[in-house]
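Participant: One file is attached below, final_35.csv, containing CSV, N, CA and C atoms.
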chain,number,residue,atom,x,y,z
A,2,MET,N,-6.1,11.9,-6.6
A,2,MET,CA,-5.3,11.3,-5.6
A,2,MET,C,-4.0,10.8,-6.3
A,3,ALA,N,-2.9,11.1,-5.8
A,3,ALA,CA,-1.6,10.6,-6.4
A,3,ALA,C,-1.4,9.2,-5.9
A,4,SER,N,-0.8,8.4,-6.8
A,4,SER,CA,-0.5,7.0,-6.5
A,4,SER,C,0.9,7.0,-5.7
A,5,GLN,N,0.8,7.4,-4.4
A,5,GLN,CA,2.0,7.5,-3.6
A,5,GLN,C,1.6,7.1,-2.2
A,6,CYS,N,2.6,6.4,-1.5
A,6,CYS,CA,2.4,6.0,-0.1
A,6,CYS,C,2.6,7.3,0.7
A,7,GLN,N,1.7,7.5,1.7
A,7,GLN,CA,1.7,8.7,2.5
A,7,GLN,C,2.7,8.5,3.6
A,8,VAL,N,3.3,7.4,3.9
A,8,VAL,CA,4.2,7.2,4.9
A,8,VAL,C,5.7,7.2,4.4
A,9,THR,N,5.9,6.4,3.3
A,9,THR,CA,7.3,6.3,2.8
A,9,THR,C,7.5,7.2,1.6
A,10,GLY,N,6.5,7.6,0.9
A,10,GLY,CA,6.6,8.3,-0.3
A,10,GLY,C,6.9,7.5,-1.6
A,11,LYS,N,6.8,6.2,-1.4
A,11,LYS,CA,7.0,5.3,-2.5
A,11,LYS,C,5.9,5.6,-3.6
A,12,GLY,N,6.4,5.7,-4.8
A,12,GLY,CA,5.4,6.1,-5.9
A,12,GLY,C,5.6,5.3,-7.1
A,13,LYS,N,5.1,5.9,-8.2
A,13,LYS,CA,5.1,5.2,-9.5
A,13,LYS,C,6.5,5.2,-10.0
A,14,MET,N,6.9,4.1,-10.7
A,14,MET,CA,8.2,3.9,-11.3
A,14,MET,C,8.0,3.6,-12.7
A,15,PHE,N,9.0,3.9,-13.6
A,15,PHE,CA,8.9,3.7,-15.0
A,15,PHE,C,10.0,2.7,-15.5
A,16,GLY,N,9.7,2.0,-16.5
A,16,GLY,CA,10.6,1.0,-17.0
A,16,GLY,C,10.1,0.5,-18.4
A,17,HIS,N,10.6,-0.7,-18.7
A,17,HIS,CA,10.2,-1.3,-20.0
A,17,HIS,C,9.4,-2.6,-19.7
A,18,ASN,N,8.5,-2.9,-20.7
A,18,ASN,CA,7.8,-4.2,-20.7
A,18,ASN,C,8.9,-5.3,-21.0
A,19,LYS,N,8.4,-6.5,-21.1
A,19,LYS,CA,9.3,-7.6,-21.5
A,19,LYS,C,9.9,-7.2,-22.9
A,20,ILE,N,11.1,-7.4,-23.1
A,20,ILE,CA,11.7,-7.1,-24.4
A,20,ILE,C,11.5,-8.2,-25.3
A,21,SER,N,11.0,-7.9,-26.5
A,21,SER,CA,10.7,-8.9,-27.5
A,21,SER,C,12.0,-9.4,-28.2
A,22,LYS,N,11.8,-10.3,-29.1
A,22,LYS,CA,13.0,-10.9,-29.8
A,22,LYS,C,13.7,-9.8,-30.6
A,23,SER,N,12.9,-8.8,-31.1
A,23,SER,CA,13.5,-7.7,-31.9
A,23,SER,C,14.1,-6.7,-31.0
A,24,GLU,N,14.1,-6.9,-29.7
A,24,GLU,CA,14.6,-6.0,-28.6
A,24,GLU,C,14.0,-4.6,-28.7
A,25,ARG,N,12.7,-4.6,-29.1
A,25,ARG,CA,12.0,-3.3,-29.1
A,25,ARG,C,11.5,-3.1,-27.6
A,26,LYS,N,11.8,-2.0,-27.1
A,26,LYS,CA,11.4,-1.7,-25.7
A,26,LYS,C,10.2,-0.8,-25.6
A,27,THR,N,9.2,-1.2,-24.9
A,27,THR,CA,8.0,-0.5,-24.8
A,27,THR,C,7.9,0.1,-23.3
A,28,ASN,N,7.7,1.4,-23.2
A,28,ASN,CA,7.6,2.0,-21.9
A,28,ASN,C,6.4,1.6,-21.2
A,29,ARG,N,6.5,1.5,-19.8
A,29,ARG,CA,5.3,1.3,-19.0
A,29,ARG,C,5.6,1.8,-17.6
A,30,ALA,N,4.5,1.9,-16.8
A,30,ALA,CA,4.6,2.4,-15.5
A,30,ALA,C,4.3,1.3,-14.5
A,31,PHE,N,5.1,1.2,-13.4
A,31,PHE,CA,4.9,0.2,-12.4
A,31,PHE,C,4.4,1.0,-11.2
A,32,SER,N,3.1,0.7,-10.8
A,32,SER,CA,2.5,1.5,-9.6
A,32,SER,C,2.6,0.6,-8.4
A,33,PRO,N,2.8,1.2,-7.2
A,33,PRO,CA,2.8,0.5,-6.0
A,33,PRO,C,1.5,-0.1,-5.6
A,34,ASN,N,1.5,-1.2,-4.8
A,34,ASN,CA,0.3,-1.8,-4.3
A,34,ASN,C,-0.2,-1.0,-3.1
A,35,LEU,N,-1.1,0.0,-3.3
A,35,LEU,CA,-1.6,0.9,-2.3
A,35,LEU,C,-2.8,0.3,-1.7
A,36,GLN,N,-2.9,0.4,-0.4
A,36,GLN,CA,-4.1,0.0,0.4
A,36,GLN,C,-4.5,1.1,1.3
A,37,LYS,N,-5.8,1.2,1.6
A,37,LYS,CA,-6.3,2.2,2.5
A,37,LYS,C,-6.4,1.6,3.9
A,38,ILE,N,-5.8,2.1,4.9
A,38,ILE,CA,-5.9,1.6,6.3
A,38,ILE,C,-6.3,2.7,7.2
A,39,THR,N,-7.0,2.3,8.2
A,39,THR,CA,-7.4,3.3,9.3
A,39,THR,C,-6.6,3.0,10.5
A,40,THR,N,-5.9,3.9,11.0
A,40,THR,CA,-5.1,3.8,12.2
A,40,THR,C,-5.3,4.9,13.2
A,41,VAL,N,-4.9,4.7,14.4
A,41,VAL,CA,-5.1,5.7,15.5
A,41,VAL,C,-3.8,6.5,15.7
A,42,VAL,N,-3.9,7.8,15.5
A,42,VAL,CA,-2.8,8.7,15.7
A,42,VAL,C,-3.2,9.8,16.6
A,43,ASP,N,-2.5,9.9,17.8
A,43,ASP,CA,-2.8,10.9,18.8
A,43,ASP,C,-4.3,10.8,19.3
A,44,GLY,N,-4.8,9.6,19.4
A,44,GLY,CA,-6.2,9.4,19.8
A,44,GLY,C,-7.2,9.6,18.8
A,45,LYS,N,-6.9,9.9,17.6
A,45,LYS,CA,-7.9,10.1,16.5
A,45,LYS,C,-7.7,9.1,15.4
A,46,LYS,N,-8.8,8.7,14.8
A,46,LYS,CA,-8.7,7.8,13.7
A,46,LYS,C,-8.3,8.5,12.4
A,47,VAL,N,-7.3,8.0,11.7
A,47,VAL,CA,-6.8,8.6,10.5
A,47,VAL,C,-6.8,7.6,9.4
A,48,ARG,N,-7.3,8.0,8.2
A,48,ARG,CA,-7.2,7.1,7.1
A,48,ARG,C,-6.0,7.4,6.2
A,49,LEU,N,-5.2,6.4,6.0
A,49,LEU,CA,-4.0,6.6,5.2
A,49,LEU,C,-4.0,5.7,4.0
A,50,THR,N,-3.3,6.2,2.9
A,50,THR,CA,-3.1,5.4,1.8
A,50,THR,C,-1.6,4.9,1.9
A,51,VAL,N,-1.4,3.6,2.1
A,51,VAL,CA,-0.1,3.1,2.4
A,51,VAL,C,0.2,1.9,1.5
A,52,ALA,N,1.5,1.7,1.1
A,52,ALA,CA,1.9,0.6,0.3
A,52,ALA,C,1.8,-0.7,1.1
A,53,ALA,N,1.5,-1.8,0.5
A,53,ALA,CA,1.4,-3.1,1.2
A,53,ALA,C,2.8,-3.5,1.9
A,54,SER,N,3.9,-3.1,1.2
A,54,SER,CA,5.2,-3.4,1.8
A,54,SER,C,5.4,-2.6,3.1
A,55,THR,N,4.9,-1.4,3.1
A,55,THR,CA,5.0,-0.6,4.3
A,55,THR,C,4.1,-1.1,5.5
A,56,ILE,N,2.9,-1.7,5.1
A,56,ILE,CA,2.1,-2.3,6.2
A,56,ILE,C,2.8,-3.4,6.8
A,57,ARG,N,3.5,-4.3,6.0
A,57,ARG,CA,4.2,-5.4,6.5
A,57,ARG,C,5.3,-5.0,7.4
A,58,THR,N,6.0,-3.9,7.0
A,58,THR,CA,7.1,-3.4,7.8
A,58,THR,C,6.6,-2.9,9.2
A,59,LEU,N,5.5,-2.1,9.1
A,59,LEU,CA,5.0,-1.5,10.4
A,59,LEU,C,4.5,-2.6,11.3
A,60,LYS,N,3.9,-3.7,10.8
A,60,LYS,CA,3.5,-4.8,11.6
A,60,LYS,C,4.7,-5.5,12.2
A,61,LYS,N,5.7,-5.7,11.4
A,61,LYS,CA,6.9,-6.3,11.9
A,61,LYS,C,7.6,-5.5,13.1
A,62,LYS,N,7.6,-4.2,12.9
A,62,LYS,CA,8.1,-3.3,14.0
A,62,LYS,C,7.2,-3.1,15.2
A,63,GLY,N,6.0,-3.6,15.0
A,63,GLY,CA,5.0,-3.5,16.1
A,63,GLY,C,4.4,-2.1,16.2
A,64,LEU,N,4.4,-1.3,15.1
A,64,LEU,CA,3.8,0.0,15.2
A,64,LEU,C,2.3,0.0,14.9
A,65,ILE,N,1.8,-1.0,14.2
A,65,ILE,CA,0.4,-1.2,14.1
A,65,ILE,C,0.0,-2.6,14.5
A,66,SER,N,-1.2,-2.8,14.9
A,66,SER,CA,-1.6,-4.2,15.3
A,66,SER,C,-1.8,-5.1,14.1
A,67,SER,N,-1.4,-6.3,14.3
A,67,SER,CA,-1.5,-7.3,13.2
A,67,SER,C,-2.8,-8.0,13.2
A,68,ARG,N,-3.6,-7.8,14.2
A,68,ARG,CA,-4.9,-8.5,14.3
A,68,ARG,C,-6.0,-7.7,13.5
A,69,LYS,N,-6.9,-8.5,13.0
A,69,LYS,CA,-8.1,-7.8,12.3
A,69,LYS,C,-9.2,-7.6,13.3
A,70,PRO,N,-10.0,-6.5,13.1
A,70,PRO,CA,-11.1,-6.3,14.1
A,70,PRO,C,-12.1,-7.4,14.0
A,71,ALA,N,-12.8,-7.7,15.1
A,71,ALA,CA,-13.7,-8.8,15.2
A,71,ALA,C,-14.9,-8.5,14.3
A,72,ALA,N,-15.4,-9.5,13.6
A,72,ALA,CA,-16.6,-9.4,12.7
A,72,ALA,C,-17.8,-9.1,13.6
A,73,LYS,N,-18.7,-8.2,13.0
A,73,LYS,CA,-19.9,-7.9,13.7
A,73,LYS,C,-20.9,-9.0,13.5
A,74,VAL,N,-21.6,-9.4,14.5
A,74,VAL,CA,-22.5,-10.5,14.5
A,74,VAL,C,-23.9,-9.9,14.4
A,75,ALA,N,-24.7,-10.2,13.4
A,75,ALA,CA,-26.0,-9.7,13.3
A,75,ALA,C,-27.0,-10.3,14.3
A,76,ALA,N,-27.8,-9.5,14.9
A,76,ALA,CA,-28.7,-10.0,15.9
A,76,ALA,C,-30.0,-10.4,15.2
A,77,LYS,N,-30.6,-11.6,15.6
A,77,LYS,CA,-31.8,-12.1,14.9
A,77,LYS,C,-33.0,-11.6,15.7
Show me the file's structure as structure tokens.
Facilitator:
Amino acid sequence: MASQCQVTGKGKMFGHNKISKSERKTNRAFSPNLQKITTVVDGKKVRLTVAASTIRTLKKKGLISSRKPAAKVAAK
């Protein structure tokens, strides 16, 4: 599985670690905060890998519900 958002295409970025006093630059990868969500598309449940920033934006725009599903209560 690629580390990429299925909605926005946001993926891995490359840069440098903190630069030391000697100004030696060490390469590293910055990966997005990906979460798996289940949403309804055309009446079917679909599981998507989406960046957390994308989830916030979709909730703000009202495209996905911001409420969590009710917890299941175990019967005694």
Participant: What is the atom N of Thr9 (chain A)-atom C of Thr58 (chain A) distance in Å, reported with one decimal?
Facilitator: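 These atoms are spaced 11.0 Å apart.
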Participant: Expressed in Å to a single decimal, how great is the separation between CA of Met14 (chain A) and atom C of Asn28 (chain A)?
Facilitator: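 Computed distance, CA of Met14 (chain A) to atom C of Asn28 (chain A), equals 10.3 Å.
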Participant: Around (5.9, 2.9, -13.9), as given in the file, which residues come within 7 Å? Count all atoms listed in the file and list them as a PDB file with N, CA and C atoms, in the coordinates of the input.
Facilitator:
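As a result, result_12.pdb now contains:
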ATOM      1  N   LYS A  13       5.100   5.900  -8.200  1.00  0.00           N
ATOM      2  CA  LYS A  13       5.100   5.200  -9.500  1.00  0.00           C
ATOM      3  C   LYS A  13       6.500   5.200 -10.000  1.00  0.00           C
ATOM      4  N   MET A  14       6.900   4.100 -10.700  1.00  0.00           N
ATOM      5  CA  MET A  14       8.200   3.900 -11.300  1.00  0.00           C
ATOM      6  C   MET A  14       8.000   3.600 -12.700  1.00  0.00           C
ATOM      7  N   PHE A  15       9.000   3.900 -13.600  1.00  0.00           N
ATOM      8  CA  PHE A  15       8.900   3.700 -15.000  1.00  0.00           C
ATOM      9  C   PHE A  15      10.000   2.700 -15.500  1.00  0.00           C
ATOM     10  N   GLY A  16       9.700   2.000 -16.500  1.00  0.00           N
ATOM     11  CA  GLY A  16      10.600   1.000 -17.000  1.00  0.00           C
ATOM     12  C   GLY A  16      10.100   0.500 -18.400  1.00  0.00           C
ATOM     13  N   ARG A  29       6.500   1.500 -19.800  1.00  0.00           N
ATOM     14  CA  ARG A  29       5.300   1.300 -19.000  1.00  0.00           C
ATOM     15  C   ARG A  29       5.600   1.800 -17.600  1.00  0.00           C
ATOM     16  N   ALA A  30       4.500   1.900 -16.800  1.00  0.00           N
ATOM     17  CA  ALA A  30       4.600   2.400 -15.500  1.00  0.00           C
ATOM     18  C   ALA A  30       4.300   1.300 -14.500  1.00  0.00           C
ATOM     19  N   PHE A  31       5.100   1.200 -13.400  1.00  0.00           N
ATOM     20  CA  PHE A  31       4.900   0.200 -12.400  1.00  0.00           C
ATOM     21  C   PHE A  31       4.400   1.000 -11.200  1.00  0.00           C
ATOM     22  N   SER A  32       3.100   0.700 -10.800  1.00  0.00           N
ATOM     23  CA  SER A  32       2.500   1.500  -9.600  1.00  0.00           C
ATOM     24  C   SER A  32       2.600   0.600  -8.400  1.00  0.00           C
TER      25      SER A  32
END
Participant: May I ask which of the residues A:Ser23, A:Thr50, A:Thr55, A:Gln7 is the closest one to Leu35 (chain A), counting only C-alpha atoms?
Facilitator: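 Of A:Ser23, A:Thr50, A:Thr55, A:Gln7, the one nearest Leu35 (chain A), counting only C-alpha atoms, is A:Thr50.
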Participant: Which value, in Å to one decimal, gives the distance between atom C of Asn34 (chain A) and atom N of Ala53 (chain A)?
Facilitator: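 Computing it gives 4.1 Å between the two atoms.
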Participant: I'd like to know which residues of chain A are strand (DSSP E or B) (by DSSP, run on the backbone); could you write them as a PyMOL selection string?
Facilitator: chain A and resi 14-17+28-31+35-42+45-52
Participant: Enumerate as an NGL selection string all residues of chain A assigned to helix (DSSP H, G or I) by DSSP on the backbone, naming them with the chain letters and numbers the document uses.
Facilitator: :A and (53-62)
Participant: Could you tell me which of A:Ala75, A:Leu64, A:Val42, A:Val51 comes closest to Gln5 (chain A) if we count only N, CA and C atoms?
Facilitator: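 The shortest atom-to-atom distance to Gln5 (chain A) comes from A:Val51.
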Participant: Which polymer residues, protein or nucleic acid, are no farther than 5 Å from (-4.9, 6.3, 8.7), counting only N, CA and C atoms, as a compact mmCIF listing (two decimals) with N, CA and C atoms, in the coordinates of the input?
Facilitator:
# COMPACT_ATOMS: atom_id res chain seq x y z
N ILE A 38 -5.80 2.10 4.90
CA ILE A 38 -5.90 1.60 6.30
C ILE A 38 -6.30 2.70 7.20
N THR A 39 -7.00 2.30 8.20
CA THR A 39 -7.40 3.30 9.30
C THR A 39 -6.60 3.00 10.50
N THR A 40 -5.90 3.90 11.00
CA THR A 40 -5.10 3.80 12.20
C THR A 40 -5.30 4.90 13.20
N VAL A 47 -7.30 8.00 11.70
CA VAL A 47 -6.80 8.60 10.50
C VAL A 47 -6.80 7.60 9.40
N ARG A 48 -7.30 8.00 8.20
CA ARG A 48 -7.20 7.10 7.10
C ARG A 48 -6.00 7.40 6.20
N LEU A 49 -5.20 6.40 6.00
CA LEU A 49 -4.00 6.60 5.20
C LEU A 49 -4.00 5.70 4.00
